[in-house]
file run_31.pdb (PDB, C-alpha atoms and all ligand atoms)
ATOM      1  CA  MET A 206      82.789   4.633  22.862
ATOM      2  CA  LYS A 207      83.314   8.361  22.294
ATOM      3  CA  ASP A 208      82.693   7.890  18.550
ATOM      4  CA  LEU A 209      79.507   5.955  19.289
ATOM      5  CA  ILE A 210      78.212   8.728  21.582
ATOM      6  CA  LEU A 211      79.104  11.441  19.047
ATOM      7  CA  LYS A 212      77.352   9.442  16.286
ATOM      8  CA  MET A 213      74.228   9.012  18.414
ATOM      9  CA  THR A 214      74.125  12.657  19.535
ATOM     10  CA  ALA A 215      74.255  13.780  15.891
ATOM     11  CA  SER A 216      71.468  11.472  14.682
ATOM     12  CA  LYS A 217      68.041  12.643  13.567
ATOM     13  CA  TRP A 218      66.108  10.032  15.563
ATOM     14  CA  ASN A 219      67.915  10.969  18.798
ATOM     15  CA  TYR A 220      67.254  14.662  18.109
ATOM     16  CA  TYR A 221      63.471  14.358  17.821
ATOM     17  CA  LEU A 222      63.208  11.679  20.500
ATOM     18  CA  SER A 223      65.125  14.020  22.845
ATOM     19  CA  LEU A 224      62.626  16.826  22.353
ATOM     20  CA  ILE A 225      59.717  14.474  23.125
ATOM     21  CA  ALA A 226      61.535  12.901  26.096
ATOM     22  CA  ASP A 227      62.409  16.287  27.638
ATOM     23  CA  GLY A 228      58.818  17.534  27.458
ATOM     24  CA  MET A 229      57.476  14.200  28.741
ATOM     25  CA  THR A 230      59.934  14.210  31.657
ATOM     26  CA  GLY A 231      58.677  17.658  32.680
ATOM     27  CA  LEU A 232      55.023  16.600  32.487
ATOM     28  CA  VAL A 233      55.456  13.212  34.172
ATOM     29  CA  PHE A 234      57.457  14.728  37.055
ATOM     30  CA  LEU A 235      54.710  17.323  37.570
ATOM     31  CA  ILE A 236      52.113  14.525  37.625
ATOM     32  CA  PHE A 237      54.262  12.615  40.186
ATOM     33  CA  SER A 238      54.195  15.763  42.314
ATOM     34  CA  PHE A 239      50.403  16.206  41.922
ATOM     35  CA  ARG A 240      49.777  12.618  42.991
ATOM     36  CA  THR A 241      51.502  13.053  46.355
ATOM     37  CA  THR A 242      50.639  16.631  47.284
ATOM     38  CA  ASP A 243      47.558  18.217  48.833
ATOM     39  CA  ASP A 244      48.643  21.636  47.560
ATOM     40  CA  ILE A 245      48.608  21.557  43.767
ATOM     41  CA  TRP A 246      49.295  25.316  43.549
ATOM     42  CA  ALA A 247      52.548  24.920  45.485
ATOM     43  CA  SER A 248      53.590  22.266  42.940
ATOM     44  CA  CYS A 249      52.641  24.591  40.056
ATOM     45  CA  ALA A 250      54.638  27.471  41.604
ATOM     46  CA  LEU A 251      57.736  25.285  42.043
ATOM     47  CA  PHE A 252      57.332  23.998  38.480
ATOM     48  CA  ILE A 253      57.321  27.592  37.166
ATOM     49  CA  VAL A 254      60.389  28.398  39.294
ATOM     50  CA  GLY A 255      62.069  25.384  37.637
ATOM     51  CA  VAL A 256      61.164  26.551  34.105
ATOM     52  CA  ALA A 257      62.472  30.070  34.840
ATOM     53  CA  SER A 258      65.651  28.731  36.509
ATOM     54  CA  PHE A 259      66.539  26.846  33.357
ATOM     55  CA  THR A 260      67.496  30.185  31.755
ATOM     56  CA  PHE A 261      70.553  30.083  34.035
ATOM     57  CA  VAL A 262      71.308  26.427  33.212
ATOM     58  CA  GLU A 263      71.157  27.125  29.462
ATOM     59  CA  TYR A 264      73.567  30.030  29.907
ATOM     60  CA  ALA A 265      75.968  28.108  32.161
ATOM     61  CA  ALA A 266      76.069  25.014  29.929
ATOM     62  CA  HIS A 267      76.458  26.968  26.698
ATOM     63  CA  ALA A 268      79.007  29.516  27.956
ATOM     64  CA  TRP A 269      81.080  27.391  30.326
ATOM     65  CA  LEU A 270      80.663  23.785  29.128
ATOM     66  CA  PHE A 271      80.374  24.153  25.340
ATOM     67  CA  HIS A 272      82.531  27.200  24.625
ATOM     68  CA  LYS A 273      85.250  27.181  27.297
ATOM     69  CA  ASN A 274      88.406  25.105  26.977
ATOM     70  CA  HIS A 275      88.433  22.222  29.476
ATOM     71  CA  PHE A 276      89.089  18.494  29.664
ATOM     72  CA  LEU A 277      85.480  17.435  28.868
ATOM     73  CA  LYS A 278      86.192  17.656  25.129
ATOM     74  CA  ILE A 279      83.086  15.661  24.212
ATOM     75  CA  PHE A 280      80.829  18.632  25.072
ATOM     76  CA  ILE A 281      82.996  21.081  23.123
ATOM     77  CA  GLU A 282      83.193  18.800  20.069
ATOM     78  CA  GLY A 283      79.493  17.914  20.166
ATOM     79  CA  HIS A 284      78.515  21.574  20.247
ATOM     80  CA  ALA A 285      81.089  22.485  17.565
ATOM     81  CA  HIS A 286      79.008  20.310  15.182
ATOM     82  CA  HIS A 287      76.115  22.723  15.605
ATOM     83  CA  HIS A 288      78.286  25.725  14.805
ATOM     84  CA  GLN A 289      79.594  23.975  11.672
ATOM     85  CA  ASN A 290      76.146  22.789  10.616
ATOM     86  CA  PRO A 291      73.248  24.754  12.162
ATOM     87  CA  PHE A 292      70.710  22.401  10.555
ATOM     88  CA  GLY A 293      72.304  19.252  11.961
ATOM     89  CA  TYR A 294      70.657  17.096  14.591
ATOM     90  CA  ASP A 295      72.952  17.612  17.548
ATOM     91  CA  ALA A 296      71.345  16.842  20.895
ATOM     92  CA  MET A 297      72.208  15.167  24.178
ATOM     93  CA  PRO A 298      71.296  11.430  24.330
ATOM     94  CA  PHE A 299      67.485  11.254  24.508
ATOM     95  CA  PHE A 300      67.413   9.631  27.975
ATOM     96  CA  SER A 301      69.602  12.359  29.567
ATOM     97  CA  SER A 302      66.791  14.541  30.936
ATOM     98  CA  ALA A 303      64.932  11.641  32.603
ATOM     99  CA  LEU A 304      68.153  10.116  33.968
ATOM    100  CA  ILE A 305      69.578  13.382  35.318
ATOM    101  CA  GLY A 306      66.077  14.370  36.508
ATOM    102  CA  PHE A 307      65.677  11.243  38.666
ATOM    103  CA  LEU A 308      69.202  11.682  40.044
ATOM    104  CA  LEU A 309      68.501  15.294  41.022
ATOM    105  CA  VAL A 310      65.139  14.397  42.602
ATOM    106  CA  GLY A 311      66.950  11.672  44.608
ATOM    107  CA  LEU A 312      69.528  14.189  45.841
ATOM    108  CA  LEU A 313      67.035  16.976  46.560
ATOM    109  CA  SER A 314      64.803  14.575  48.513
ATOM    110  CA  TYR A 315      67.361  14.799  51.325
ATOM    111  CA  VAL A 316      66.604  18.496  51.766
ATOM    112  CA  MET A 317      62.975  18.892  50.647
ATOM    113  CA  PRO A 318      59.843  16.758  50.339
ATOM    114  CA  GLN A 319      60.009  14.492  47.299
ATOM    115  CA  ARG A 320      56.769  15.974  45.876
ATOM    116  CA  ASP A 321      58.445  19.420  45.792
ATOM    117  CA  ALA A 322      61.621  18.020  44.251
ATOM    118  CA  PHE A 323      59.557  16.414  41.450
ATOM    119  CA  ALA A 324      57.799  19.733  40.756
ATOM    120  CA  LEU A 325      61.019  21.770  40.733
ATOM    121  CA  ILE A 326      63.052  19.325  38.626
ATOM    122  CA  GLY A 327      60.031  18.772  36.356
ATOM    123  CA  GLY A 328      60.071  22.529  35.728
ATOM    124  CA  LEU A 329      63.771  22.387  34.868
ATOM    125  CA  ALA A 330      63.084  19.548  32.400
ATOM    126  CA  MET A 331      60.284  21.623  30.843
ATOM    127  CA  GLY A 332      62.700  24.570  30.641
ATOM    128  CA  TYR A 333      65.100  22.253  28.812
ATOM    129  CA  PHE A 334      62.303  21.290  26.413
ATOM    130  CA  ASN A 335      61.523  24.997  25.877
ATOM    131  CA  TYR A 336      65.220  25.628  25.168
ATOM    132  CA  GLY A 337      65.423  22.761  22.634
ATOM    133  CA  LEU A 338      62.199  23.715  20.871
ATOM    134  CA  THR A 339      63.111  27.425  20.751
ATOM    135  CA  HIS A 340      66.522  26.614  19.254
ATOM    136  CA  HIS A 341      64.946  24.238  16.735
ATOM    137  CA  LEU A 342      62.459  26.887  15.584
ATOM    138  CA  ILE A 343      65.015  29.724  15.607
ATOM    139  CA  HIS A 344      66.884  27.973  12.784
ATOM    140  CA  ARG A 345      63.749  27.000  10.875
ATOM    141  CA  ARG A 346      60.976  29.581  11.258
ATOM    142  CA  GLU A 347      60.035  33.202  10.722
ATOM    143  CA  PHE A 348      58.485  34.644  13.884
ATOM    144  CA  LYS A 349      55.636  37.117  14.226
ATOM    145  CA  LEU A 350      56.204  37.768  17.929
ATOM    146  CA  PRO A 351      58.820  40.529  18.425
ATOM    147  CA  TYR A 352      60.365  38.707  21.411
ATOM    148  CA  TYR A 353      61.141  35.666  19.256
ATOM    149  CA  GLN A 354      62.411  37.831  16.403
ATOM    150  CA  TYR A 355      64.763  39.376  18.965
ATOM    151  CA  LEU A 356      65.870  35.945  20.267
ATOM    152  CA  GLN A 357      66.495  34.798  16.691
ATOM    153  CA  GLU A 358      68.847  37.703  15.955
ATOM    154  CA  PHE A 359      70.407  37.341  19.423
ATOM    155  CA  HIS A 360      71.232  33.679  18.690
ATOM    156  CA  PHE A 361      72.358  34.249  15.100
ATOM    157  CA  VAL A 362      74.855  36.819  16.388
ATOM    158  CA  HIS A 363      76.147  34.075  18.730
ATOM    159  CA  HIS A 364      76.909  31.940  15.660
ATOM    160  CA  LYS A 365      79.059  34.791  14.326
ATOM    161  CA  LYS A 366      80.568  35.674  17.720
ATOM    162  CA  PRO A 367      80.666  32.391  19.735
ATOM    163  CA  ARG A 368      81.920  34.101  22.915
ATOM    164  CA  LYS A 369      78.815  36.305  23.052
ATOM    165  CA  ASN A 370      75.041  35.877  23.507
ATOM    166  CA  HIS A 371      74.843  32.369  24.969
ATOM    167  CA  GLY A 372      71.262  32.495  26.223
ATOM    168  CA  MET A 373      68.546  30.909  24.092
ATOM    169  CA  THR A 374      65.192  31.679  25.699
ATOM    170  CA  ALA A 375      66.401  34.789  27.593
ATOM    171  CA  ASP A 376      69.307  37.229  27.440
ATOM    172  CA  ILE A 377      69.449  38.115  31.149
ATOM    173  CA  PHE A 378      72.509  36.051  32.115
ATOM    174  CA  ASP A 379      74.569  37.386  29.212
ATOM    175  CA  ARG A 380      73.835  40.831  30.615
ATOM    176  CA  ILE A 381      74.738  39.739  34.170
ATOM    177  CA  PHE A 382      77.978  37.956  33.153
ATOM    178  CA  ASN A 383      79.012  40.615  30.664
ATOM    179  CA  THR A 384      78.851  38.479  27.512
ATOM    180  CA  TYR A 385      75.946  40.400  25.999
ATOM    181  CA  TYR A 386      76.640  41.880  22.604
ATOM    182  CA  GLN A 387      74.248  44.451  21.171
ATOM    183  CA  TRP A 388      74.414  43.918  17.433
ATOM    184  CA  VAL A 389      74.053  46.544  14.759
ATOM    185  CA  GLU A 390      72.512  46.138  11.298
ATOM    186  CA  GLU A 391      75.746  45.014   9.610
ATOM    187  CA  ASP A 392      76.266  42.210  12.183
ATOM    188  CA  LEU A 393      73.194  40.550  10.683
ATOM    189  CA  GLU A 394      74.630  40.484   7.162
ATOM    190  CA  GLY A 395      74.865  36.960   5.781
ATOM    191  CA  LEU A 396      73.034  35.489   8.747
ATOM    192  CA  GLU A 397      70.034  34.551   6.597
ATOM    193  CA  LYS A 398      71.888  31.340   5.785
ATOM    194  CA  LEU A 399      71.414  30.267   9.410
ATOM    195  CA  LYS A 400      67.675  30.082   8.804
ATOM    196  CA  ARG A 401      66.195  27.336   6.670
ATOM    197  CA  ILE A 402      62.567  28.093   5.934
ATOM    198  CA  LYS A 403      60.580  25.342   4.235
ATOM    199  CA  LYS A 404      58.935  26.506   1.010
ATOM    200  CA  LYS A 405      55.143  26.328   1.243
TER     201      LYS A 405
HETATM  202 ZN    ZN B   1      72.115  27.682  16.774
HETATM  203 ZN    ZN B   2      77.409  27.945  20.756
END
call {"tool": "encode", "arguments": {"input": "run_31.pdb", "output": "structure tokens"}}
result
Amino acid sequence: MKDLILKMTASKWNYYLSLIADGMTGLVFLIFSFRTTDDIWASCALFIVGVASFTFVEYAAHAWLFHKNHFLKIFIEGHAHHHQNPFGYDAMPFFSSALIGFLLVGLLSYVMPQRDAFALIGGLAMGYFNYGLTHHLIHRREFKLPYYQYLQEFHFVHHKKPRKNHGMTADIFDRIFNTYYQWVEEDLEGLEKLKRIKKK
């Protein structure tokens, strides 16, 4: 079973399907919220809170689930694939975001209106999509925007120093939890091989 899951989570079809499914989950949950609310702006605000909150989730999962030693070896091994092969297709099973999303909406519905839970969790799913897409592009594109150039170097340094710089779309939680590493020029030596740019 474990081998089957590891095989699936390293497959190309699961990788791209995951990206689509994560974005779709975010959008569909927001639409669910719109259909049952009379205050669309409240739904939009909660959705944005969800997207922003994902910066904490990406930090927590990467720092504490993928890089700390614990009994859930499947997460550590799955993520180790990415460190061995940065151009691999490692991703959670494609249905994870929808499945976990519905579970969280079900739980949150006990403490808030369901329309708000859909907006908030939809935002988290969209944050997850943003995380996946940013990571995909970081290994495959040159960026013009300085913020993305910064994130690219920030993440490449993580590949060299796996206990540092765990954020992907933001560095704030590395600064808060003291895992931020400010690189110098020589830290970036040899990191070009982490970037595979398609020839035009
Ligand atoms: Zn990476
Ligand atoms: Zn890592």
call {"tool": "atom_distance", "arguments": {"input": "run_31.pdb", "atom1": "atom CA of Gly332 of chain A", "atom2": "atom CA of Leu396 of chain A"}}
result
26.6 Å
call {"tool": "closest_residue", "arguments": {"input": "run_31.pdb", "among": "A:Leu308, A:Ile279, A:Leu399, A:Ile236", "to": "Asp208 of chain A", "atoms": "only C-alpha atoms"}}
result
A:Ile279
call {"tool": "axis_aligned_box", "arguments": {"input": "run_31.pdb", "around": "segment 237-253 of chain A", "padding_each_side": "5 Å", "output": "JSON"}}
result
{"center_x": 52.6, "center_y": 20.1, "center_z": 43.0, "size_x": 20.2, "size_y": 25.0, "size_z": 21.7}
call {"tool": "closest_residue", "arguments": {"input": "run_31.pdb", "among": "A:Phe259, A:Phe334, A:Trp218, A:Phe300", "to": "Leu232 of chain A", "atoms": "only C-alpha atoms"}}
result
A:Phe334
call {"tool": "resolve_selection", "arguments": {"input": "run_31.pdb", "expression": "the PyMOL selection byres (((not hetatm)) within 8 of (chain B and resi 2))", "output": "number ranges by chain"}}
result
A: 267-268, 271-272, 284-285, 287-288, 363-364, 367-368, 371
call {"tool": "resolve_selection", "arguments": {"input": "run_31.pdb", "expression": "the PyMOL selection byres (((not hetatm)) within 10 of (chain B and resi 1))", "output": "PyMOL selection string"}}
result
chain A and resi 284+287-293+339-344+357+360-364+371+373+399-400
call {"tool": "resolve_selection", "arguments": {"input": "run_31.pdb", "expression": "the PyMOL selection byres (((chain A and resi 386) around 9) and not hetatm)", "output": "VMD selection string"}}
result
chain A and resid 359 362 to 363 366 369 to 370 379 to 380 383 to 385 387 to 388
call {"tool": "atom_distance", "arguments": {"input": "run_31.pdb", "atom1": "atom CA of Leu312 of chain A", "atom2": "atom CA of Ile326 of chain A"}}
result
11.0 Å
call {"tool": "residues_near_point", "arguments": {"input": "run_31.pdb", "point": "(69.3, 11.0, 26.2)", "cutoff": "9 Å", "atoms": "only C-alpha atoms", "output": "number ranges by chain"}}
result
A: 214, 219, 222-223, 226-227, 296-304
call {"tool": "atom_distance", "arguments": {"input": "run_31.pdb", "atom1": "atom CA of Val389 of chain A", "atom2": "atom CA of Asp295 of chain A"}}
result
29.1 Å
call {"tool": "closest_residue", "arguments": {"input": "run_31.pdb", "among": "A:Met213, A:Met206, A:Leu393, A:Val233", "to": "Glu358 of chain A", "atoms": "only C-alpha atoms"}}
result
A:Leu393
call {"tool": "closest_residue", "arguments": {"input": "run_31.pdb", "among": "A:Asn274, A:Gln354, A:Asn335, A:Thr242", "to": "Gly228 of chain A", "atoms": "all atoms listed in the file"}}
result
A:Asn335
call {"tool": "closest_residue", "arguments": {"input": "run_31.pdb", "among": "A:Ala324, A:Ile381, A:Ile225, A:Ala265", "to": "Arg240 of chain A", "atoms": "only C-alpha atoms"}}
result
A:Ala324
call {"tool": "closest_residue", "arguments": {"input": "run_31.pdb", "among": "A:Phe382, A:Phe323, A:Trp269, A:Phe276", "to": "Thr241 of chain A", "atoms": "all atoms listed in the file"}}
result
A:Phe323
call {"tool": "residues_around", "arguments": {"input": "run_31.pdb", "residues": "segment 250-256 of chain A", "least_positions_apart": "5", "cutoff": "9 Å", "atoms": "only C-alpha atoms", "output": "PyMOL selection string"}}
result
chain A and resi 231+235+245+321-333+335
call {"tool": "decode", "arguments": {"input": "run_31.pdb", "residues": "segment 276-315 of chain A", "atoms": "N, CA and C atoms", "output": "PDB file, in the first residue's frame"}}
result
ATOM      1  N   PHE A 276       7.137   9.525  13.313  1.00  0.00           N
ATOM      2  CA  PHE A 276       6.723   8.191  12.876  1.00  0.00           C
ATOM      3  C   PHE A 276       6.012   8.200  11.518  1.00  0.00           C
ATOM      4  N   LEU A 277       5.560   9.360  11.038  1.00  0.00           N
ATOM      5  CA  LEU A 277       4.862   9.415   9.743  1.00  0.00           C
ATOM      6  C   LEU A 277       5.897   9.483   8.608  1.00  0.00           C
ATOM      7  N   LYS A 278       6.625   8.345   8.453  1.00  0.00           N
ATOM      8  CA  LYS A 278       7.769   8.320   7.533  1.00  0.00           C
ATOM      9  C   LYS A 278       7.365   8.623   6.093  1.00  0.00           C
ATOM     10  N   ILE A 279       6.123   8.335   5.754  1.00  0.00           N
ATOM     11  CA  ILE A 279       5.688   8.498   4.354  1.00  0.00           C
ATOM     12  C   ILE A 279       5.842   9.949   3.888  1.00  0.00           C
ATOM     13  N   PHE A 280       5.607  10.905   4.800  1.00  0.00           N
ATOM     14  CA  PHE A 280       5.755  12.326   4.433  1.00  0.00           C
ATOM     15  C   PHE A 280       7.233  12.674   4.248  1.00  0.00           C
ATOM     16  N   ILE A 281       8.069  12.135   5.142  1.00  0.00           N
ATOM     17  CA  ILE A 281       9.506  12.431   5.074  1.00  0.00           C
ATOM     18  C   ILE A 281      10.091  11.831   3.790  1.00  0.00           C
ATOM     19  N   GLU A 282       9.712  10.569   3.505  1.00  0.00           N
ATOM     20  CA  GLU A 282      10.260   9.900   2.318  1.00  0.00           C
ATOM     21  C   GLU A 282       9.744  10.547   1.031  1.00  0.00           C
ATOM     22  N   GLY A 283       8.459  10.871   1.013  1.00  0.00           N
ATOM     23  CA  GLY A 283       7.875  11.509  -0.173  1.00  0.00           C
ATOM     24  C   GLY A 283       8.584  12.818  -0.484  1.00  0.00           C
ATOM     25  N   HIS A 284       8.836  13.613   0.551  1.00  0.00           N
ATOM     26  CA  HIS A 284       9.475  14.906   0.334  1.00  0.00           C
ATOM     27  C   HIS A 284      10.968  14.743   0.011  1.00  0.00           C
ATOM     28  N   ALA A 285      11.580  13.681   0.546  1.00  0.00           N
ATOM     29  CA  ALA A 285      13.006  13.432   0.252  1.00  0.00           C
ATOM     30  C   ALA A 285      13.208  13.234  -1.257  1.00  0.00           C
ATOM     31  N   HIS A 286      12.205  12.672  -1.934  1.00  0.00           N
ATOM     32  CA  HIS A 286      12.273  12.523  -3.405  1.00  0.00           C
ATOM     33  C   HIS A 286      12.543  13.866  -4.066  1.00  0.00           C
ATOM     34  N   HIS A 287      11.833  14.892  -3.573  1.00  0.00           N
ATOM     35  CA  HIS A 287      11.990  16.217  -4.203  1.00  0.00           C
ATOM     36  C   HIS A 287      13.400  16.760  -3.991  1.00  0.00           C
ATOM     37  N   HIS A 288      13.960  16.493  -2.818  1.00  0.00           N
ATOM     38  CA  HIS A 288      15.318  16.995  -2.563  1.00  0.00           C
ATOM     39  C   HIS A 288      16.345  16.239  -3.413  1.00  0.00           C
ATOM     40  N   GLN A 289      16.055  14.939  -3.680  1.00  0.00           N
ATOM     41  CA  GLN A 289      16.975  14.172  -4.531  1.00  0.00           C
ATOM     42  C   GLN A 289      16.802  14.568  -5.997  1.00  0.00           C
ATOM     43  N   ASN A 290      15.570  14.809  -6.396  1.00  0.00           N
ATOM     44  CA  ASN A 290      15.288  15.144  -7.790  1.00  0.00           C
ATOM     45  C   ASN A 290      14.320  16.332  -7.864  1.00  0.00           C
ATOM     46  N   PRO A 291      14.869  17.544  -7.934  1.00  0.00           N
ATOM     47  CA  PRO A 291      14.011  18.751  -7.904  1.00  0.00           C
ATOM     48  C   PRO A 291      13.079  18.870  -9.109  1.00  0.00           C
ATOM     49  N   PHE A 292      13.322  18.078 -10.157  1.00  0.00           N
ATOM     50  CA  PHE A 292      12.447  18.157 -11.334  1.00  0.00           C
ATOM     51  C   PHE A 292      11.490  16.961 -11.394  1.00  0.00           C
ATOM     52  N   GLY A 293      11.401  16.230 -10.289  1.00  0.00           N
ATOM     53  CA  GLY A 293      10.478  15.101 -10.230  1.00  0.00           C
ATOM     54  C   GLY A 293       9.046  15.615 -10.132  1.00  0.00           C
ATOM     55  N   TYR A 294       8.128  14.676  -9.982  1.00  0.00           N
ATOM     56  CA  TYR A 294       6.709  15.052  -9.968  1.00  0.00           C
ATOM     57  C   TYR A 294       6.068  14.668  -8.639  1.00  0.00           C
ATOM     58  N   ASP A 295       6.718  15.068  -7.558  1.00  0.00           N
ATOM     59  CA  ASP A 295       6.207  14.697  -6.239  1.00  0.00           C
ATOM     60  C   ASP A 295       5.086  15.632  -5.809  1.00  0.00           C
ATOM     61  N   ALA A 296       3.948  15.040  -5.492  1.00  0.00           N
ATOM     62  CA  ALA A 296       2.798  15.835  -5.030  1.00  0.00           C
ATOM     63  C   ALA A 296       1.902  14.924  -4.201  1.00  0.00           C
ATOM     64  N   MET A 297       1.100  15.533  -3.348  1.00  0.00           N
ATOM     65  CA  MET A 297       0.110  14.762  -2.591  1.00  0.00           C
ATOM     66  C   MET A 297      -0.884  14.157  -3.588  1.00  0.00           C
ATOM     67  N   PRO A 298      -1.599  13.049  -3.212  1.00  0.00           N
ATOM     68  CA  PRO A 298      -2.609  12.513  -4.129  1.00  0.00           C
ATOM     69  C   PRO A 298      -3.570  13.630  -4.564  1.00  0.00           C
ATOM     70  N   PHE A 299      -3.970  13.604  -5.840  1.00  0.00           N
ATOM     71  CA  PHE A 299      -4.689  14.748  -6.425  1.00  0.00           C
ATOM     72  C   PHE A 299      -6.008  15.083  -5.725  1.00  0.00           C
ATOM     73  N   PHE A 300      -6.610  14.075  -5.041  1.00  0.00           N
ATOM     74  CA  PHE A 300      -7.922  14.326  -4.419  1.00  0.00           C
ATOM     75  C   PHE A 300      -7.772  14.875  -2.985  1.00  0.00           C
ATOM     76  N   SER A 301      -6.519  15.021  -2.513  1.00  0.00           N
ATOM     77  CA  SER A 301      -6.300  15.414  -1.110  1.00  0.00           C
ATOM     78  C   SER A 301      -6.971  16.741  -0.754  1.00  0.00           C
ATOM     79  N   SER A 302      -6.785  17.771  -1.621  1.00  0.00           N
ATOM     80  CA  SER A 302      -7.293  19.094  -1.236  1.00  0.00           C
ATOM     81  C   SER A 302      -8.819  19.084  -1.128  1.00  0.00           C
ATOM     82  N   ALA A 303      -9.506  18.429  -2.078  1.00  0.00           N
ATOM     83  CA  ALA A 303     -10.973  18.395  -2.020  1.00  0.00           C
ATOM     84  C   ALA A 303     -11.428  17.594  -0.794  1.00  0.00           C
ATOM     85  N   LEU A 304     -10.787  16.443  -0.573  1.00  0.00           N
ATOM     86  CA  LEU A 304     -11.175  15.570   0.538  1.00  0.00           C
ATOM     87  C   LEU A 304     -10.966  16.272   1.890  1.00  0.00           C
ATOM     88  N   ILE A 305      -9.764  16.796   2.088  1.00  0.00           N
ATOM     89  CA  ILE A 305      -9.456  17.481   3.351  1.00  0.00           C
ATOM     90  C   ILE A 305     -10.320  18.747   3.469  1.00  0.00           C
ATOM     91  N   GLY A 306     -10.531  19.422   2.330  1.00  0.00           N
ATOM     92  CA  GLY A 306     -11.364  20.634   2.320  1.00  0.00           C
ATOM     93  C   GLY A 306     -12.772  20.352   2.824  1.00  0.00           C
ATOM     94  N   PHE A 307     -13.412  19.307   2.300  1.00  0.00           N
ATOM     95  CA  PHE A 307     -14.783  18.981   2.735  1.00  0.00           C
ATOM     96  C   PHE A 307     -14.807  18.589   4.217  1.00  0.00           C
ATOM     97  N   LEU A 308     -13.786  17.856   4.641  1.00  0.00           N
ATOM     98  CA  LEU A 308     -13.702  17.465   6.060  1.00  0.00           C
ATOM     99  C   LEU A 308     -13.612  18.701   6.953  1.00  0.00           C
ATOM    100  N   LEU A 309     -12.755  19.647   6.566  1.00  0.00           N
ATOM    101  CA  LEU A 309     -12.578  20.855   7.378  1.00  0.00           C
ATOM    102  C   LEU A 309     -13.841  21.717   7.380  1.00  0.00           C
ATOM    103  N   VAL A 310     -14.509  21.808   6.224  1.00  0.00           N
ATOM    104  CA  VAL A 310     -15.769  22.578   6.173  1.00  0.00           C
ATOM    105  C   VAL A 310     -16.788  21.927   7.117  1.00  0.00           C
ATOM    106  N   GLY A 311     -16.851  20.568   7.085  1.00  0.00           N
ATOM    107  CA  GLY A 311     -17.775  19.844   7.971  1.00  0.00           C
ATOM    108  C   GLY A 311     -17.496  20.165   9.434  1.00  0.00           C
ATOM    109  N   LEU A 312     -16.220  20.173   9.803  1.00  0.00           N
ATOM    110  CA  LEU A 312     -15.852  20.456  11.201  1.00  0.00           C
ATOM    111  C   LEU A 312     -16.143  21.910  11.572  1.00  0.00           C
ATOM    112  N   LEU A 313     -15.729  22.821  10.685  1.00  0.00           N
ATOM    113  CA  LEU A 313     -15.915  24.255  10.976  1.00  0.00           C
ATOM    114  C   LEU A 313     -17.383  24.655  11.037  1.00  0.00           C
ATOM    115  N   SER A 314     -18.240  23.889  10.338  1.00  0.00           N
ATOM    116  CA  SER A 314     -19.672  24.228  10.311  1.00  0.00           C
ATOM    117  C   SER A 314     -20.305  24.158  11.701  1.00  0.00           C
ATOM    118  N   TYR A 315     -19.613  23.490  12.638  1.00  0.00           N
ATOM    119  CA  TYR A 315     -20.121  23.458  14.013  1.00  0.00           C
ATOM    120  C   TYR A 315     -19.919  24.805  14.708  1.00  0.00           C
TER     121      TYR A 315
END
